[in-house]
Each structure stands twice: as structure tokens, then as C-alpha cells.
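Novice: For reference, the file coords.tsv (TSV, C-alpha atoms) is included below:
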```
chain	number	residue	atom	x	y	z
A	1	MET	CA	-7.79	-38.35	14.31
A	2	MET	CA	-7.90	-37.73	10.57
A	3	ALA	CA	-8.86	-34.10	11.15
A	4	ASP	CA	-5.83	-33.65	13.41
A	5	ARG	CA	-3.52	-35.05	10.72
A	6	ARG	CA	-4.99	-32.77	8.07
A	7	GLU	CA	-4.57	-29.78	10.37
A	8	GLU	CA	-0.93	-30.66	11.03
A	9	ALA	CA	-0.30	-30.96	7.29
A	10	LEU	CA	-1.43	-27.37	6.70
A	11	PRO	CA	1.37	-24.78	6.47
A	12	VAL	CA	1.91	-22.65	9.54
A	13	LEU	CA	2.82	-19.60	7.45
A	14	GLU	CA	2.33	-18.82	3.77
A	15	VAL	CA	3.59	-15.91	1.71
A	16	ARG	CA	1.71	-15.59	-1.57
A	17	ASP	CA	2.92	-13.57	-4.57
A	18	LEU	CA	4.47	-10.90	-2.37
A	19	ALA	CA	6.06	-7.82	-3.93
A	20	ILE	CA	7.94	-5.17	-1.99
A	21	ALA	CA	9.84	-2.02	-2.96
A	22	PRO	CA	12.31	-1.41	-0.12
A	23	GLY	CA	13.54	2.16	-0.63
A	24	ASP	CA	16.50	2.33	-3.00
A	25	ALA	CA	16.96	-1.45	-3.11
A	26	PRO	CA	15.71	-3.47	-6.08
A	27	VAL	CA	12.04	-4.36	-6.15
A	28	LEU	CA	11.26	-7.92	-5.09
A	29	ARG	CA	8.29	-9.68	-6.64
A	30	ASP	CA	6.61	-13.07	-6.88
A	31	ILE	CA	7.84	-14.15	-3.45
A	32	GLY	CA	6.27	-17.39	-2.29
A	33	ILE	CA	6.96	-19.19	0.99
A	34	THR	CA	5.32	-22.25	2.53
A	35	LEU	CA	6.54	-22.86	6.06
A	36	GLN	CA	5.65	-26.09	7.82
A	37	ARG	CA	5.72	-26.68	11.56
A	38	GLY	CA	9.14	-27.70	12.87
A	39	THR	CA	11.09	-26.34	9.89
A	40	LEU	CA	13.64	-23.59	9.31
A	41	LEU	CA	13.84	-21.61	6.07
A	42	ALA	CA	16.87	-19.50	5.10
A	43	ILE	CA	16.48	-16.30	3.09
A	44	VAL	CA	19.68	-15.67	1.14
A	45	GLY	CA	20.78	-13.30	-1.58
A	46	PRO	CA	23.32	-10.59	-2.42
A	47	SER	CA	23.95	-7.69	-0.06
A	48	GLY	CA	21.30	-4.99	-0.35
A	49	CYS	CA	18.76	-7.20	-2.13
A	50	GLY	CA	16.01	-6.66	0.44
A	51	LYS	CA	16.32	-9.69	2.74
A	52	THR	CA	15.61	-7.64	5.86
A	53	SER	CA	12.78	-5.76	4.15
A	54	LEU	CA	11.11	-9.05	3.26
A	55	LEU	CA	11.39	-10.24	6.85
A	56	ARG	CA	9.88	-6.95	8.10
A	57	ALA	CA	7.00	-7.29	5.62
A	58	ILE	CA	6.28	-10.80	6.89
A	59	ALA	CA	6.36	-9.44	10.46
A	60	GLY	CA	3.89	-6.72	9.48
A	61	LEU	CA	6.29	-3.86	10.19
A	62	ASP	CA	6.53	-2.76	6.53
A	63	ASP	CA	3.80	-2.77	3.89
A	64	ALA	CA	3.97	-4.99	0.82
A	65	ALA	CA	3.10	-3.57	-2.60
A	66	MET	CA	1.24	-6.76	-3.56
A	67	GLY	CA	0.48	-10.22	-2.26
A	68	GLU	CA	-0.42	-11.53	1.16
A	69	VAL	CA	0.85	-13.31	4.25
A	70	ARG	CA	-1.30	-15.94	5.96
A	71	LEU	CA	-0.92	-17.68	9.31
A	72	HIS	CA	-2.86	-20.93	9.51
A	73	ASP	CA	-4.65	-19.77	6.34
A	74	ARG	CA	-5.83	-16.53	7.99
A	75	SER	CA	-4.62	-13.03	7.17
A	76	PRO	CA	-3.17	-10.78	9.90
A	77	ASP	CA	-6.25	-8.56	9.49
A	78	GLU	CA	-8.49	-11.53	10.26
A	79	ILE	CA	-6.37	-12.56	13.23
A	80	GLY	CA	-5.83	-9.01	14.48
A	81	TRP	CA	-2.40	-7.39	14.23
A	82	PRO	CA	-1.55	-7.48	17.97
A	83	ALA	CA	-2.41	-11.19	18.12
A	84	TYR	CA	-0.48	-11.87	14.89
A	85	ARG	CA	2.66	-10.14	16.17
A	86	ARG	CA	2.50	-12.10	19.42
A	87	VAL	CA	2.91	-15.38	17.53
A	88	VAL	CA	5.10	-14.16	14.64
A	89	THR	CA	8.08	-12.61	16.42
A	90	LEU	CA	10.92	-10.69	14.75
A	91	VAL	CA	14.44	-10.66	16.22
A	92	GLN	CA	16.30	-7.83	14.51
A	93	GLN	CA	19.99	-7.79	13.61
A	94	GLN	CA	20.45	-4.63	15.68
A	95	PRO	CA	18.42	-5.60	18.75
A	96	VAL	CA	16.04	-3.08	20.25
A	97	MET	CA	16.83	-2.85	23.97
A	98	LEU	CA	14.79	-0.91	26.50
A	99	ASP	CA	16.72	1.63	28.58
A	100	ASP	CA	16.61	-0.71	31.56
A	101	THR	CA	18.14	-3.90	32.90
A	102	VAL	CA	18.41	-7.16	31.01
A	103	LEU	CA	15.84	-8.62	33.42
A	104	GLU	CA	13.32	-5.90	32.61
A	105	ASN	CA	13.94	-6.40	28.88
A	106	LEU	CA	13.00	-10.05	29.31
A	107	VAL	CA	10.02	-9.50	31.61
A	108	ARG	CA	8.25	-6.50	30.11
A	109	PRO	CA	7.08	-8.10	26.83
A	110	LEU	CA	5.38	-10.85	28.85
A	111	ARG	CA	3.76	-8.32	31.17
A	112	HIS	CA	2.24	-6.32	28.32
A	113	ARG	CA	0.56	-9.18	26.48
A	114	SER	CA	-3.25	-9.21	26.38
A	115	VAL	CA	-3.12	-12.10	28.85
A	116	ALA	CA	-0.12	-11.65	31.13
A	117	GLN	CA	2.37	-14.50	30.77
A	118	PRO	CA	4.40	-15.61	33.80
A	119	PHE	CA	8.14	-15.02	33.64
A	120	ASP	CA	10.06	-18.28	33.88
A	121	ARG	CA	13.25	-17.08	35.57
A	122	GLU	CA	14.81	-20.53	35.62
A	123	LEU	CA	14.29	-20.98	31.88
A	124	ALA	CA	15.60	-17.47	31.19
A	125	ILE	CA	18.79	-18.15	33.15
A	126	ASP	CA	19.20	-21.53	31.45
A	127	LEU	CA	18.87	-19.94	28.00
A	128	LEU	CA	21.25	-17.09	28.85
A	129	GLU	CA	23.86	-19.50	30.19
A	130	THR	CA	23.48	-21.79	27.19
A	131	LEU	CA	24.06	-18.76	24.96
A	132	GLY	CA	27.21	-17.80	26.84
A	133	LEU	CA	25.89	-15.20	29.29
A	134	THR	CA	25.44	-15.51	33.06
A	135	GLU	CA	22.76	-14.88	35.64
A	136	ARG	CA	24.70	-11.80	36.75
A	137	CYS	CA	23.86	-10.03	33.51
A	138	LEU	CA	20.17	-9.83	34.54
A	139	GLY	CA	20.97	-6.77	36.65
A	140	GLN	CA	23.08	-5.09	33.98
A	141	GLN	CA	21.82	-2.23	31.84
A	142	ALA	CA	20.96	-3.91	28.53
A	143	ARG	CA	22.29	-1.09	26.36
A	144	THR	CA	25.75	-1.44	27.90
A	145	LEU	CA	26.10	-4.95	26.46
A	146	SER	CA	27.99	-5.58	23.24
A	147	VAL	CA	25.94	-6.08	20.06
A	148	GLY	CA	26.62	-9.81	20.20
A	149	GLU	CA	25.43	-9.99	23.81
A	150	GLN	CA	22.33	-7.97	22.95
A	151	GLN	CA	21.60	-10.41	20.11
A	152	ARG	CA	21.65	-13.26	22.62
A	153	VAL	CA	19.38	-11.39	25.03
A	154	ALA	CA	16.98	-10.62	22.16
A	155	LEU	CA	16.88	-14.30	21.16
A	156	THR	CA	16.23	-15.29	24.79
A	157	ARG	CA	13.41	-12.75	24.98
A	158	ALA	CA	11.84	-14.05	21.77
A	159	ILE	CA	11.96	-17.67	22.96
A	160	LEU	CA	10.37	-16.74	26.30
A	161	ILE	CA	7.44	-15.15	24.42
A	162	GLU	CA	6.77	-18.62	22.91
A	163	PRO	CA	5.90	-17.57	19.35
A	164	GLU	CA	4.82	-20.02	16.68
A	165	VAL	CA	7.12	-18.43	14.09
A	166	LEU	CA	10.55	-16.92	14.80
A	167	LEU	CA	11.81	-14.38	12.25
A	168	LEU	CA	15.57	-13.96	12.69
A	169	ASP	CA	17.60	-11.29	10.90
A	170	GLU	CA	21.27	-12.32	10.82
A	171	PRO	CA	21.07	-13.76	14.35
A	172	THR	CA	24.79	-14.63	14.53
A	173	SER	CA	26.30	-11.70	12.59
A	174	ALA	CA	28.15	-10.26	15.62
A	175	LEU	CA	29.28	-13.60	17.07
A	176	ASP	CA	32.39	-15.72	16.81
A	177	GLU	CA	32.30	-19.22	15.29
A	178	GLU	CA	31.87	-21.01	18.63
A	179	SER	CA	28.96	-18.76	19.63
A	180	GLN	CA	27.37	-19.21	16.19
A	181	THR	CA	27.40	-22.98	16.68
A	182	ILE	CA	25.67	-22.63	20.06
A	183	ILE	CA	22.99	-20.31	18.62
A	184	GLU	CA	22.35	-22.76	15.80
A	185	GLU	CA	21.91	-25.63	18.27
A	186	VAL	CA	19.44	-23.55	20.32
A	187	LEU	CA	17.46	-22.74	17.17
A	188	ARG	CA	17.33	-26.40	16.17
A	189	LEU	CA	16.01	-27.27	19.61
A	190	GLN	CA	13.44	-24.47	19.73
A	191	VAL	CA	12.15	-25.04	16.20
A	192	ARG	CA	12.49	-28.74	15.41
A	193	ARG	CA	11.95	-30.30	18.82
A	194	ARG	CA	9.46	-27.77	20.19
A	195	GLY	CA	7.30	-27.67	17.05
A	196	ARG	CA	7.88	-24.04	16.16
A	197	SER	CA	8.88	-22.67	12.75
A	198	GLY	CA	11.53	-20.17	11.75
A	199	ILE	CA	12.81	-17.96	8.95
A	200	VAL	CA	16.48	-16.96	9.10
A	201	VAL	CA	17.99	-14.16	7.04
A	202	THR	CA	21.69	-14.90	6.54
A	203	HIS	CA	24.49	-13.78	4.25
A	204	ASP	CA	26.32	-17.03	5.00
A	205	ARG	CA	25.22	-19.76	2.60
A	206	ARG	CA	27.19	-22.35	4.57
A	207	GLN	CA	25.13	-21.50	7.63
A	208	ALA	CA	21.97	-21.77	5.55
A	209	ASP	CA	23.06	-25.23	4.35
A	210	ARG	CA	23.80	-26.64	7.79
A	211	LEU	CA	21.01	-24.97	9.77
A	212	CYS	CA	17.95	-24.78	7.53
A	213	ASP	CA	15.69	-27.26	5.79
A	214	ALA	CA	15.22	-25.10	2.69
A	215	GLN	CA	16.43	-21.85	1.18
A	216	LEU	CA	14.82	-18.95	-0.67
A	217	ASP	CA	17.32	-17.13	-2.91
A	218	LEU	CA	16.06	-13.60	-3.57
A	219	GLU	CA	18.29	-12.92	-6.57
A	220	PRO	CA	15.86	-14.37	-9.16
A	221	HIS	CA	13.09	-12.20	-7.67
A	222	MET	CA	14.99	-8.89	-8.01
A	223	ILE	CA	13.95	-6.24	-10.55
A	224	HIS	CA	16.29	-3.35	-11.32
A	225	GLY	CA	16.21	-0.02	-13.12
A	226	ALA	CA	13.54	0.80	-15.68
A	227	GLN	CA	11.50	-2.32	-14.89
A	228	ARG	CA	10.90	-0.98	-11.41
A	229	ARG	CA	8.32	1.57	-12.56
A	230	GLY	CA	6.00	-1.05	-14.00
A	231	VAL	CA	5.95	-3.02	-10.76
A	232	ASP	CA	5.41	0.08	-8.65
A	233	ASP	CA	2.51	1.15	-10.89
A	234	ALA	CA	0.92	-2.28	-10.51
```
Transcribe the structure of this file into C-alpha cells.
Specialist:
Amino acid sequence: MMADRREEALPVLEVRDLAIAPGDAPVLRDIGITLQRGTLLAIVGPSGCGKTSLLRAIAGLDDAAMGEVRLHDRSPDEIGWPAYRRVVTLVQQQPVMLDDTVLENLVRPLRHRSVAQPFDRELAIDLLETLGLTERCLGQQARTLSVGEQQRVALTRAILIEPEVLLLDEPTSALDEESQTIIEEVLRLQVRRRGRSGIVVTHDRRQADRLCDAQLDLEPHMIHGAQRRGVDDA
């Protein structure tokens, strides 16, 4: 029993001394994150500061200049990148939709896992309806949906994959206030009650206050101009 308690006390995800140089944006350095099970962390900061780049580095889609990311105290290299990305899932602000129906967009990621995962149609429909879509949309071409509708399909797809950590890049940016509230309630349910964890990039500090347990402000970690060279050389 004691071993179980110690295991539960360990962070699900840790980011240690991460530094990234996202194109023409300011360098970010000394980024540290400790994410416990059942918690949501907001990443906030001025426009163009590298919030999305940090999320992509945590997801393993972009390289970091320094530092490391660990899941259950293991690096992605130790876990294996395909296995890591199956449990640390990124939902992008501009969702990536396959040139196929909504149904196929929901089913295909489950079909292509190392161990095929059954598609829970009832849960998918329940999630879509909760998020303001209907069962009829399953037969619609996903790329014909509005950006806001695609965001909701992408969130449904990510939940169906059952990741341990959800990485969400401005998940409500294309939605009205009522739809934002619904998304936030779904995230609370999926993270807090289901024992997952999440990191939410948002430009809305009010949303960060009401939705998340903690916030990481990137502004103190930004390096501009001439200082950039020294970090890049490191």
C-alpha cells in the first residue's frame, strides 16, 4: 500500500531546464514543469512568446536546445517515441483532419496503434453531442467543418485515444463563450475525475484562472536580441 501511495505522489510529467529557440520568436530558457495526476496547467504569456513551440517540444514534435522531458521519470527515448506519443497527445489549435469523414478521423488513430483499440461509438457520439455536434456529423467530410467544429472533433479524437497527458493549444480559440464553457467542463471531467493530466496553452488569463490549477507565465523566461546568441551557442 505504501508503494502505491509513493507511486501516485510521483509527477506524471516533468520538464527540466528546457530551452527552446522557436524560429524568430524569443528564446525560452529554464522552463520547469511538474505535472501531477488529475491537474491542469495553463501556459500563458504575450503573443509570439513561444507558447505553442513549448507545447510542441513537450509533445516531441520539435527539438529542444537544452533540458529534458520525463514521463513517470523516464525519457521519451527510454519509453520509445511511438509509445510516448500515444500517451502524451497534442491537440493543435488548427486541427489536422484527414481527407475523409469525421467517423474515419475518429477511428483511424485507434486502428493504427501498436495494439488496436476498439472504437467506442456510443462514447464518441456522447462526446460530440456534449460538445455541440450531432451524430449526423460522423458521415460528413471533416475538412468541410468550421475551425471551431474541427477543434471539437479533434478534442473528441484525443479523448477516445485515452492519453495520460492532454496537450491543448488554444482549444477554445474559435468558439463562442457558451461553447468555451462546455469545453472547459469536458476538460475538468476528463482530467480531474478520470485521473488524467493536461497542459493548456491560452491567451486568456481569465480562462487560465477558472480552468487550471496552476499557471506558467513564459514572459520571465524570454530572452531577446543580443542575449540570444549566448543561449544558442550553449
Novice: Tell me, in Å to one decimal, how far atom CA of A:Arg74 is from atom CA of A:Asp169.
Specialist: 24.2 Å
Novice: For A:Thr156, which residue among A:Leu103, A:Ala124, A:Ala19, A:Val69 is the nearest when counting all atoms listed in the file?
Specialist: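 Looking only at the distances to A:Thr156, the closest residue turns out to be A:Ala124.
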Novice: Using only C-alpha atoms, find each residue in stretch 161-191 of chain A having at least one atom no more than 9 Å away from stretch 37-56 of chain A; report its shortest atom-to-atom pair and that distance in Å (one decimal), rows by chain then rising number, as CSV.
Specialist:
```
residue,atom,partner,partner_atom,distance
A:Glu164,CA,A:Arg37,CA,8.4
A:Val165,CA,A:Arg37,CA,8.7
A:Leu167,CA,A:Leu55,CA,6.8
A:Leu168,CA,A:Leu55,CA,8.1
A:Asp169,CA,A:Thr52,CA,6.5
A:Glu170,CA,A:Thr52,CA,8.9
A:Leu187,CA,A:Leu40,CA,8.8
A:Arg188,CA,A:Leu40,CA,8.3
A:Gln190,CA,A:Gly38,CA,8.7
A:Val191,CA,A:Gly38,CA,5.2
```
Novice: Could you tell me, as a VMD selection string, which residues have any atom at most 9 Å from (23.4, -0.9, 23.8), counting all atoms listed in the file?
Specialist: chain A and resid 95 to 97 99 141 to 147 150
Novice: What separation in Å, quoted to one decimal, exists between atom CA of A:Asn105 and atom CA of A:Val91?
Specialist: 13.4 Å
Novice: Which residue, A:Cys137, A:Ala154, A:Ile125, A:Leu13, has the smallest gap to A:Glu68 when you use all atoms listed in the file?
Specialist: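 For A:Glu68, the nearest of the given residues is A:Leu13.
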Novice: Of the residues A:Gly60, A:Thr89, A:Thr134, A:Asp176, which is the one nearest to A:Ser197, using all atoms listed in the file?
Specialist: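 Of all the options, A:Thr89 lies closest to A:Ser197.
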Novice: Of the candidates A:Leu166, A:Leu133, A:Leu127, A:Ala64, which one gets nearest to A:Arg85 if we count only C-alpha atoms?
Specialist: A:Leu166
Novice: Pick from A:Pro11, A:Gly32, A:Gly139, A:Pro22: nearest to A:Val102, with all atoms listed in the file counted?
Specialist: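 Using all atoms listed in the file, the shortest distance to A:Val102 belongs to A:Gly139.
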Novice: Rounded to one decimal in Å, what is the spacing between atom CA of A:Asp17 and atom CA of A:Ser75?
Specialist: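 Calculated distance between atom CA of A:Asp17 and atom CA of A:Ser75 is 14.0 Å.
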Novice: Under the rule that all atoms listed in the file are counted, which of A:Ala83, A:Ala57, A:Leu98, A:Val200 is the nearest residue to A:Pro163?
Specialist: A:Ala83
